[in-house]
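A.B. asks: Next comes run-v4.cif, mmCIF, C-alpha atoms and all ligand atoms:
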data_start
loop_
_atom_site.label_atom_id
_atom_site.label_comp_id
_atom_site.auth_asym_id
_atom_site.auth_seq_id
_atom_site.Cartn_x
_atom_site.Cartn_y
_atom_site.Cartn_z
CA MET A 17 93.52 94.70 78.42
CA THR A 18 96.48 96.76 77.27
CA THR A 19 99.17 99.04 78.67
CA LEU A 20 99.68 102.51 77.23
CA ALA A 21 102.86 104.47 77.95
CA ILE A 22 102.74 108.25 77.80
CA LEU A 23 106.22 109.53 77.07
CA THR A 24 106.51 113.17 78.10
CA ALA A 25 108.85 114.99 75.75
CA ALA A 26 107.32 118.45 75.36
CA GLY A 27 109.63 120.32 77.73
CA SER A 28 112.11 122.96 76.60
CA GLY A 29 115.05 121.81 78.69
CA SER A 30 115.80 125.27 80.03
CA ARG A 31 118.24 123.99 82.64
CA LEU A 32 120.20 122.13 79.97
CA GLY A 33 120.27 125.36 77.99
CA ARG A 34 120.67 123.94 74.47
CA ASP A 35 119.11 125.58 71.41
CA LEU A 36 116.76 122.62 70.89
CA PRO A 37 114.26 120.89 73.23
CA LYS A 38 115.84 118.44 75.67
CA ALA A 39 114.05 115.38 74.24
CA LEU A 40 115.79 115.99 70.88
CA VAL A 41 119.29 116.44 72.32
CA ASP A 42 121.73 113.81 71.10
CA LEU A 43 123.02 111.04 73.35
CA GLU A 44 125.58 108.80 71.63
CA GLY A 45 123.98 109.14 68.21
CA PHE A 46 120.27 109.20 69.06
CA PRO A 47 117.96 111.80 70.64
CA LEU A 48 116.93 111.23 74.25
CA VAL A 49 113.30 110.60 73.30
CA LEU A 50 114.30 107.78 70.94
CA HIS A 51 116.37 106.05 73.64
CA ALA A 52 113.43 106.25 76.05
CA ALA A 53 110.86 105.08 73.48
CA ARG A 54 113.02 102.12 72.42
CA ARG A 55 113.45 101.03 76.01
CA LEU A 56 109.74 101.21 76.76
CA ALA A 57 108.99 99.21 73.61
CA ALA A 58 111.71 96.66 74.40
CA SER A 59 110.27 95.99 77.86
CA GLY A 60 107.62 93.75 76.31
CA VAL A 61 104.96 95.07 78.70
CA VAL A 62 103.97 98.23 76.80
CA ASP A 63 101.42 97.86 73.98
CA SER A 64 101.41 101.39 72.59
CA LEU A 65 103.03 104.78 73.02
CA VAL A 66 101.75 108.34 73.13
CA VAL A 67 104.50 110.95 72.92
CA THR A 68 103.98 114.63 73.82
CA ALA A 69 105.90 116.94 71.52
CA PRO A 70 107.08 120.53 71.97
CA ASP A 71 105.32 123.29 70.00
CA GLY A 72 105.57 122.79 66.25
CA LEU A 73 107.49 119.52 66.48
CA VAL A 74 104.76 116.87 66.15
CA GLY A 75 105.92 116.13 62.60
CA VAL A 76 109.59 115.86 63.55
CA MET A 77 108.82 113.56 66.47
CA THR A 78 106.49 111.41 64.35
CA ASP A 79 109.16 110.90 61.67
CA LEU A 80 111.69 110.04 64.33
CA LEU A 81 109.61 107.50 66.24
CA ALA A 82 107.10 106.01 63.81
CA GLY A 83 109.91 105.19 61.36
CA ASP A 84 112.20 103.55 63.91
CA PRO A 85 112.77 99.85 63.20
CA HIS A 86 113.29 99.07 66.90
CA ILE A 87 109.85 100.35 67.91
CA ARG A 88 107.33 97.77 66.77
CA ILE A 89 104.35 99.07 68.74
CA PRO A 90 101.89 101.78 67.65
CA VAL A 91 103.09 105.35 68.33
CA GLN A 92 100.90 108.46 68.45
CA VAL A 93 102.45 111.91 68.78
CA THR A 94 100.51 114.88 70.14
CA ASP A 95 101.14 118.48 71.16
CA GLY A 96 102.15 118.80 74.80
CA GLY A 97 100.95 121.56 77.11
CA PRO A 98 102.59 124.44 78.97
CA THR A 99 103.34 122.28 82.04
CA ARG A 100 104.32 118.63 82.43
CA GLN A 101 100.93 117.99 84.06
CA ALA A 102 99.13 119.48 81.05
CA SER A 103 101.26 117.39 78.69
CA VAL A 104 100.35 114.17 80.52
CA ALA A 105 96.68 115.15 80.37
CA ALA A 106 96.98 115.69 76.59
CA GLY A 107 98.55 112.25 76.23
CA LEU A 108 95.95 110.62 78.44
CA ALA A 109 93.17 111.96 76.22
CA LEU A 110 94.50 109.65 73.46
CA ALA A 111 94.15 106.45 75.49
CA ARG A 112 92.11 103.84 73.64
CA PRO A 113 89.36 101.64 75.04
CA GLY A 114 91.09 98.66 76.60
CA ASP A 115 94.10 100.66 77.85
CA ASP A 116 93.45 99.74 81.46
CA VAL A 117 97.01 100.46 82.65
CA VAL A 118 98.82 103.72 81.87
CA LEU A 119 102.51 104.38 82.42
CA VAL A 120 103.89 107.90 82.46
CA HIS A 121 107.58 108.18 81.63
CA ASP A 122 109.88 111.15 81.09
CA ALA A 123 111.94 111.31 77.90
CA ALA A 124 114.46 112.96 80.23
CA ARG A 125 115.13 109.45 81.65
CA PRO A 126 116.49 107.81 78.48
CA LEU A 127 118.30 104.86 80.08
CA VAL A 128 115.38 103.31 81.96
CA PRO A 129 116.02 99.54 82.23
CA SER A 130 113.41 97.06 80.98
CA ASP A 131 113.10 95.32 84.33
CA LEU A 132 112.12 98.59 86.01
CA VAL A 133 109.31 99.06 83.47
CA GLN A 134 108.24 95.45 84.07
CA ARG A 135 108.30 95.90 87.85
CA VAL A 136 106.02 98.94 87.71
CA VAL A 137 103.53 97.38 85.29
CA GLY A 138 103.57 94.14 87.31
CA ALA A 139 102.70 95.97 90.52
CA VAL A 140 99.77 97.78 88.86
CA ARG A 141 98.54 94.52 87.29
CA SER A 142 98.73 92.84 90.70
CA GLY A 143 96.13 95.31 91.97
CA HIS A 144 97.85 98.55 93.04
CA GLY A 145 96.13 101.57 91.51
CA ALA A 146 99.22 103.79 91.54
CA VAL A 147 102.86 102.67 91.58
CA VAL A 148 106.07 104.71 91.61
CA PRO A 149 109.71 103.59 91.54
CA GLY A 150 111.86 105.07 94.29
CA LEU A 151 115.41 105.00 95.61
CA PRO A 152 116.74 105.64 99.11
CA VAL A 153 118.09 109.17 99.53
CA THR A 154 121.82 109.31 100.22
CA ASP A 155 122.14 113.00 101.13
CA THR A 156 120.75 114.37 104.37
CA VAL A 157 117.76 116.51 103.39
CA LYS A 158 116.83 119.78 105.14
CA GLN A 159 113.56 121.65 105.00
CA VAL A 160 113.99 125.43 104.71
CA ARG A 161 112.08 128.66 104.43
CA PRO A 162 113.21 132.05 103.08
CA ASP A 163 114.89 134.20 105.74
CA GLY A 164 116.20 137.53 104.46
CA ASP A 165 119.20 137.02 102.20
CA ALA A 166 119.55 133.35 103.19
CA GLU A 167 117.31 130.42 104.16
CA LEU A 168 116.43 129.21 107.62
CA VAL A 169 116.55 125.46 108.25
CA THR A 170 113.24 124.40 109.76
CA GLY A 171 113.73 120.66 109.98
CA THR A 172 115.62 117.49 109.11
CA PRO A 173 113.34 114.61 108.10
CA ASP A 174 114.41 111.07 108.99
CA ARG A 175 116.41 110.07 105.89
CA SER A 176 115.62 106.38 106.28
CA MET A 177 111.98 107.17 105.46
CA LEU A 178 112.73 109.31 102.37
CA ARG A 179 112.83 108.14 98.75
CA ALA A 180 113.75 109.90 95.53
CA VAL A 181 111.06 109.14 92.97
CA GLN A 182 111.59 108.25 89.32
CA THR A 183 109.54 107.34 86.29
CA PRO A 184 107.88 105.31 84.82
CA GLN A 185 104.97 105.73 87.21
CA GLY A 186 102.11 103.31 86.62
CA PHE A 187 98.36 103.71 87.14
CA ALA A 188 95.01 102.11 86.68
CA HIS A 189 93.65 104.17 83.77
CA ASP A 190 90.46 105.37 85.50
CA LEU A 191 92.31 106.46 88.63
CA LEU A 192 94.80 108.54 86.61
CA VAL A 193 91.98 110.19 84.68
CA ARG A 194 90.23 111.09 87.94
CA ALA A 195 93.47 112.38 89.48
CA HIS A 196 94.18 114.60 86.47
CA ARG A 197 90.66 115.95 86.34
CA THR A 198 90.87 117.00 90.00
CA GLY A 199 94.49 118.16 89.65
CA ALA A 200 93.66 120.36 86.69
CA GLY A 201 91.14 122.30 88.79
CA ARG A 202 93.67 122.70 91.56
CA ALA A 203 96.43 123.83 89.20
CA VAL A 204 94.19 126.61 87.90
CA ALA A 205 93.15 127.66 91.40
CA GLU A 206 96.64 127.58 92.91
CA HIS A 207 98.72 128.37 89.80
CA LEU A 208 100.75 125.31 90.64
CA ALA A 209 101.13 122.18 88.53
CA ALA A 210 102.20 118.85 90.05
CA THR A 211 105.74 117.65 89.28
CA ASP A 212 104.62 114.03 89.23
CA ASP A 213 101.40 112.14 88.58
CA ALA A 214 101.43 110.16 91.81
CA GLY A 215 101.12 113.48 93.67
CA LEU A 216 97.75 114.00 92.02
CA VAL A 217 96.61 110.54 93.16
CA GLU A 218 97.81 111.31 96.71
CA ALA A 219 95.79 114.53 96.61
CA LEU A 220 92.69 112.39 95.95
CA GLY A 221 93.45 110.45 99.14
CA GLU A 222 94.09 107.25 97.19
CA PRO A 223 97.07 105.01 98.03
CA VAL A 224 100.31 105.13 96.05
CA HIS A 225 102.71 102.18 96.34
CA MET A 226 106.44 102.14 95.75
CA VAL A 227 108.67 99.57 94.09
CA ALA A 228 112.47 99.62 93.89
CA GLY A 229 113.81 102.18 91.44
CA ASP A 230 117.06 101.88 89.51
CA ALA A 231 119.98 104.31 89.43
CA ALA A 232 120.18 103.80 85.65
CA ALA A 233 116.83 105.58 85.28
CA PHE A 234 118.37 108.88 86.41
CA LYS A 235 117.03 112.11 84.94
CA ILE A 236 118.95 114.28 82.52
CA THR A 237 118.66 117.83 83.79
CA THR A 238 122.10 119.40 83.28
CA GLU A 239 125.12 118.95 80.99
CA ARG A 240 126.75 116.89 83.71
CA ASP A 241 123.87 114.36 83.58
CA LEU A 242 124.21 114.12 79.81
CA TRP A 243 127.93 113.49 80.13
CA LEU A 244 127.25 110.79 82.73
CA ALA A 245 124.67 109.12 80.45
CA SER A 246 127.21 109.06 77.60
CA LEU A 247 129.76 107.37 79.85
CA VAL A 248 127.20 104.80 80.99
CA LEU A 249 126.28 103.96 77.38
CA GLN A 250 129.94 103.73 76.30
CA GLU A 251 130.63 101.35 79.22
CA THR A 252 127.62 99.11 78.57
CA ASN A 253 128.07 99.02 74.78
CA ALA A 254 131.75 98.19 75.07
N1 LIG B 1 107.60 117.95 79.88
C1 LIG B 1 106.49 117.96 79.03
N2 LIG B 1 105.76 119.12 78.91
C2 LIG B 1 106.11 120.24 79.58
C3 LIG B 1 107.21 120.23 80.46
C4 LIG B 1 107.95 119.06 80.58
O1 LIG B 1 106.17 116.96 78.40
N3 LIG B 1 105.37 121.34 79.42
C5 LIG B 1 108.41 116.73 79.97
C6 LIG B 1 109.87 116.96 79.57
O2 LIG B 1 110.00 116.88 78.16
C7 LIG B 1 110.60 115.88 80.32
C8 LIG B 1 109.71 115.60 81.54
O3 LIG B 1 108.46 116.28 81.31
O4 LIG B 1 110.76 114.68 79.59
C9 LIG B 1 110.35 116.05 82.84
O5 LIG B 1 110.53 117.45 82.82
P1 LIG B 1 111.92 118.20 83.02
O6 LIG B 1 113.02 117.24 83.29
O7 LIG B 1 111.69 119.35 83.94
O8 LIG B 1 112.19 118.73 81.51
P2 LIG B 1 112.07 120.21 80.95
O9 LIG B 1 110.87 120.86 81.53
O10 LIG B 1 112.18 120.10 79.49
O11 LIG B 1 113.43 120.85 81.52
P3 LIG B 1 113.57 122.24 82.32
O12 LIG B 1 112.67 122.12 83.53
O13 LIG B 1 115.02 122.31 82.64
O14 LIG B 1 113.12 123.32 81.36
MG MG B 2 110.70 121.21 83.69
#
Please re-express this file's structure in structure tokens.
Ligand code: CTP
Ligand code: MG
C.D. replies:
Amino acid sequence: MTTLAILTAAGSGSRLGRDLPKALVDLEGFPLVLHAARRLAASGVVDSLVVTAPDGLVGVMTDLLAGDPHIRIPVQVTDGGPTRQASVAAGLALARPGDDVVLVHDAARPLVPSDLVQRVVGAVRSGHGAVVPGLPVTDTVKQVRPDGDAELVTGTPDRSMLRAVQTPQGFAHDLLVRAHRTGAGRAVAEHLAATDDAGLVEALGEPVHMVAGDAAAFKITTERDLWLASLVLQETNA
């Protein structure tokens, strides 16, 4: 029984606005995708990696990851899809017999700590079919709907019951396959792809459990996030 990690790295990074895909943007000397892959490999609970690459960059990604001395687990690189959901599905298609647990992790979260990866895999191995890491929300969150040139606030959910969700998310292989198969049909019908994999499991009516997330696993979306990640690395390497 083995654990496969799908590392999603096929996005363009439009909100970061660089002239290369986000996963290849440099963070203190190495591209984001390499940081993330090294951390997954270093966790000791991941047996192989499948990385989804942006259009035309399978070769570049393969050279980068397969040749890295810190990654001593098998790495496959495949073309991603037009949405994150499609990219995960492409990665999932490369799972090998025996991969009974599948993690899905975003290359956009390069500083994921090993113990977070271990916590997620541990919870799946203890019998939960779907596991996500989450953190309490510190801002008050409002629900809104469009209202002319502004938005109308329609509600304020109880913050103590809200969590911000991170990756890696962990799944029993067969459950994730079923969730993606159903989710793919829905995405076509509704022109809407899920932003996380657990959402597809929820849509099946199957339980999703949460373990404690870690602030260090924050997502790089904007230049400010990249700057913050550099500072974190400089501090911890000092
Ligand atoms: N991703 C992917 N395939 C896509 C879209 C996204 O594999 N078609 C990956 C990204 O590479 C990233 C993760 O999914 O690691 C989370 O997506 P996000 O942070 O939104 O990254 P981008 O889509 O690249 O950024 P943006 O939305 O700003 O364009
Ligand atoms: Mg995106």
A.B. asks: Using Å and a single decimal, report how far CA of Leu23 (chain A) sits from CA of Leu244 (chain A).
C.D. replies: 21.8 Å
A.B. asks: List all protein, DNA and RNA residues that have any atom at most 8 Å from ligand LIG 1 (chain B), counting only C-alpha atoms and all ligand atoms, and write the list as a PDB file with C-alpha atoms, keeping the file's coordinate frame.
C.D. replies:
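The resulting file, result.pdb, is shown below:
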ATOM      1  CA  LEU A  23     106.220 109.530  77.070  1.00  0.00           C
ATOM      2  CA  THR A  24     106.510 113.170  78.100  1.00  0.00           C
ATOM      3  CA  ALA A  25     108.850 114.990  75.750  1.00  0.00           C
ATOM      4  CA  ALA A  26     107.320 118.450  75.360  1.00  0.00           C
ATOM      5  CA  GLY A  27     109.630 120.320  77.730  1.00  0.00           C
ATOM      6  CA  SER A  28     112.110 122.960  76.600  1.00  0.00           C
ATOM      7  CA  GLY A  29     115.050 121.810  78.690  1.00  0.00           C
ATOM      8  CA  SER A  30     115.800 125.270  80.030  1.00  0.00           C
ATOM      9  CA  ARG A  31     118.240 123.990  82.640  1.00  0.00           C
ATOM     10  CA  LEU A  32     120.200 122.130  79.970  1.00  0.00           C
ATOM     11  CA  GLY A  33     120.270 125.360  77.990  1.00  0.00           C
ATOM     12  CA  PRO A  37     114.260 120.890  73.230  1.00  0.00           C
ATOM     13  CA  LYS A  38     115.840 118.440  75.670  1.00  0.00           C
ATOM     14  CA  ALA A  39     114.050 115.380  74.240  1.00  0.00           C
ATOM     15  CA  VAL A  49     113.300 110.600  73.300  1.00  0.00           C
ATOM     16  CA  THR A  68     103.980 114.630  73.820  1.00  0.00           C
ATOM     17  CA  ALA A  69     105.900 116.940  71.520  1.00  0.00           C
ATOM     18  CA  PRO A  70     107.080 120.530  71.970  1.00  0.00           C
ATOM     19  CA  GLY A  96     102.150 118.800  74.800  1.00  0.00           C
ATOM     20  CA  GLY A  97     100.950 121.560  77.110  1.00  0.00           C
ATOM     21  CA  PRO A  98     102.590 124.440  78.970  1.00  0.00           C
ATOM     22  CA  THR A  99     103.340 122.280  82.040  1.00  0.00           C
ATOM     23  CA  ARG A 100     104.320 118.630  82.430  1.00  0.00           C
ATOM     24  CA  GLN A 101     100.930 117.990  84.060  1.00  0.00           C
ATOM     25  CA  ALA A 102      99.130 119.480  81.050  1.00  0.00           C
ATOM     26  CA  SER A 103     101.260 117.390  78.690  1.00  0.00           C
ATOM     27  CA  VAL A 104     100.350 114.170  80.520  1.00  0.00           C
ATOM     28  CA  HIS A 121     107.580 108.180  81.630  1.00  0.00           C
ATOM     29  CA  ASP A 122     109.880 111.150  81.090  1.00  0.00           C
ATOM     30  CA  ALA A 123     111.940 111.310  77.900  1.00  0.00           C
ATOM     31  CA  ALA A 124     114.460 112.960  80.230  1.00  0.00           C
ATOM     32  CA  ARG A 125     115.130 109.450  81.650  1.00  0.00           C
ATOM     33  CA  LYS A 235     117.030 112.110  84.940  1.00  0.00           C
ATOM     34  CA  ILE A 236     118.950 114.280  82.520  1.00  0.00           C
ATOM     35  CA  THR A 237     118.660 117.830  83.790  1.00  0.00           C
ATOM     36  CA  THR A 238     122.100 119.400  83.280  1.00  0.00           C
TER      37      THR A 238
END
A.B. asks: Which one is closest to ligand MG 2 (chain B): A:Val61, A:Leu127, A:Ala209, A:Ala232? Count only C-alpha atoms and all ligand atoms.
C.D. replies: A:Ala209
A.B. asks: Would you mind telling me which residue in A:Ala57, A:Leu20, A:Leu40, A:Val157 lies nearest to Asp115 (chain A) when using only C-alpha atoms?
C.D. replies: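 Smallest separation from Asp115 (chain A) among the options: A:Leu20.
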A.B. asks: So which residues fall inside 10 Å of (114.4, 105.9, 90.9) if we count only C-alpha atoms? Mind giving them as a ChimeraX atom specification?
C.D. replies: /A:125,128,132,148-153,179-184,227-235
A.B. asks: Compile the contact shell of Ile87 (chain A) as a short mmCIF file (atom, residue, chain, number, x, y, z; two decimals) with C-alpha atoms, in the coordinates of the input: residues with an atom at most 6 Å away, counting all atoms listed in the file, same-chain residues fewer than 2 positions apart removed.
C.D. replies:
data_model
loop_
_atom_site.label_atom_id
_atom_site.label_comp_id
_atom_site.auth_asym_id
_atom_site.auth_seq_id
_atom_site.Cartn_x
_atom_site.Cartn_y
_atom_site.Cartn_z
CA ARG A 54 113.02 102.12 72.42
CA ALA A 57 108.99 99.21 73.61
CA ASP A 84 112.20 103.55 63.91
CA PRO A 85 112.77 99.85 63.20
CA ILE A 89 104.35 99.07 68.74
#
A.B. asks: Check the smallest atom-to-atom distance from each of A:Ala205, A:Val137, A:Ala210, A:Ala166 to ligand MG 2 (chain B) using all atoms listed in the file, then report the winner.
C.D. replies: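 Closest residue, counting all atoms listed in the file: A:Ala210.
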A.B. asks: Please compute the CA of Pro90 (chain A)-CA of Asp212 (chain A) distance, one decimal, in Å.
C.D. replies: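 Calculated distance between CA of Pro90 (chain A) and CA of Asp212 (chain A) is 25.0 Å.
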A.B. asks: Pick the closest to ligand MG 2 (chain B) from A:His189, A:Pro113, A:Thr211, A:Asp241: which is it, counting only C-alpha atoms and all ligand atoms?
C.D. replies: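 Using only C-alpha atoms and all ligand atoms, ligand MG 2 (chain B) sits closest to A:Thr211.
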A.B. asks: For CA of Asp131 (chain A) and CA of Leu242 (chain A), determine how far apart the two atoms are, in Å to one decimal place.
C.D. replies: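 Separating CA of Asp131 (chain A) from CA of Leu242 (chain A) is a distance of 22.3 Å.
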A.B. asks: For Thr198 (chain A), find every residue with an atom within 12 Å (counting all atoms listed in the file), except residues of its own chain fewer than 5 positions away, and show them as a PyMOL selection string.
C.D. replies: chain A and resi 101+105+191-193+203-205+209-210+213+215-221
A.B. asks: Kindly indicate which residue among A:Ile22, A:Leu80, A:Ala58, A:Val117 lies nearest to Phe46 (chain A), using only C-alpha atoms for the distances.
C.D. replies: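 Using only C-alpha atoms, Phe46 (chain A) sits closest to A:Leu80.
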A.B. asks: Provide an axis-aligned box for all listed atoms of region 235-242 of chain A, padding each side by 5 Å; report its centre and its edge lengths in Å to one decimal, as lines of an AutoDock Vina configuration file.
C.D. replies:
center_x = 121.9
center_y = 115.8
center_z = 82.4
size_x = 19.7
size_y = 17.3
size_z = 15.1
A.B. asks: Rank A:Arg202, A:Pro126, A:Leu73, A:Gln92 by their smallest atom-to-atom distance to Ala245 (chain A), using all atoms listed in the file, and report the top residue only.
C.D. replies: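 Comparing A:Arg202, A:Pro126, A:Leu73, A:Gln92 against Ala245 (chain A), the winner is A:Pro126.
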A.B. asks: Determine, counting only C-alpha atoms, which protein, DNA and RNA residues have an atom within 12 Å of an atom of Glu44 (chain A); residues of the same chain fewer than 3 positions away are not included. Present the result as a PDB file with C-alpha atoms, in the coordinates of the input.
C.D. replies:
ATOM      1  CA  VAL A  41     119.290 116.440  72.320  1.00  0.00           C
ATOM      2  CA  PRO A  47     117.960 111.800  70.640  1.00  0.00           C
ATOM      3  CA  LEU A  48     116.930 111.230  74.250  1.00  0.00           C
ATOM      4  CA  LEU A  50     114.300 107.780  70.940  1.00  0.00           C
ATOM      5  CA  HIS A  51     116.370 106.050  73.640  1.00  0.00           C
ATOM      6  CA  PRO A 126     116.490 107.810  78.480  1.00  0.00           C
ATOM      7  CA  LEU A 127     118.300 104.860  80.080  1.00  0.00           C
ATOM      8  CA  LEU A 242     124.210 114.120  79.810  1.00  0.00           C
ATOM      9  CA  TRP A 243     127.930 113.490  80.130  1.00  0.00           C
ATOM     10  CA  LEU A 244     127.250 110.790  82.730  1.00  0.00           C
ATOM     11  CA  ALA A 245     124.670 109.120  80.450  1.00  0.00           C
ATOM     12  CA  SER A 246     127.210 109.060  77.600  1.00  0.00           C
ATOM     13  CA  LEU A 247     129.760 107.370  79.850  1.00  0.00           C
ATOM     14  CA  VAL A 248     127.200 104.800  80.990  1.00  0.00           C
ATOM     15  CA  LEU A 249     126.280 103.960  77.380  1.00  0.00           C
ATOM     16  CA  GLN A 250     129.940 103.730  76.300  1.00  0.00           C
ATOM     17  CA  GLU A 251     130.630 101.350  79.220  1.00  0.00           C
ATOM     18  CA  ASN A 253     128.070  99.020  74.780  1.00  0.00           C
TER      19      ASN A 253
END
A.B. asks: If we count only C-alpha atoms, what is near Val74 (chain A) at a cut-off of 8 Å, once residues fewer than 5 positions away on the same chain are taken out, given as a list in words?
C.D. replies: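 The residues satisfying every condition are Ala69, Val93, Thr94 and Asp95 of chain A.
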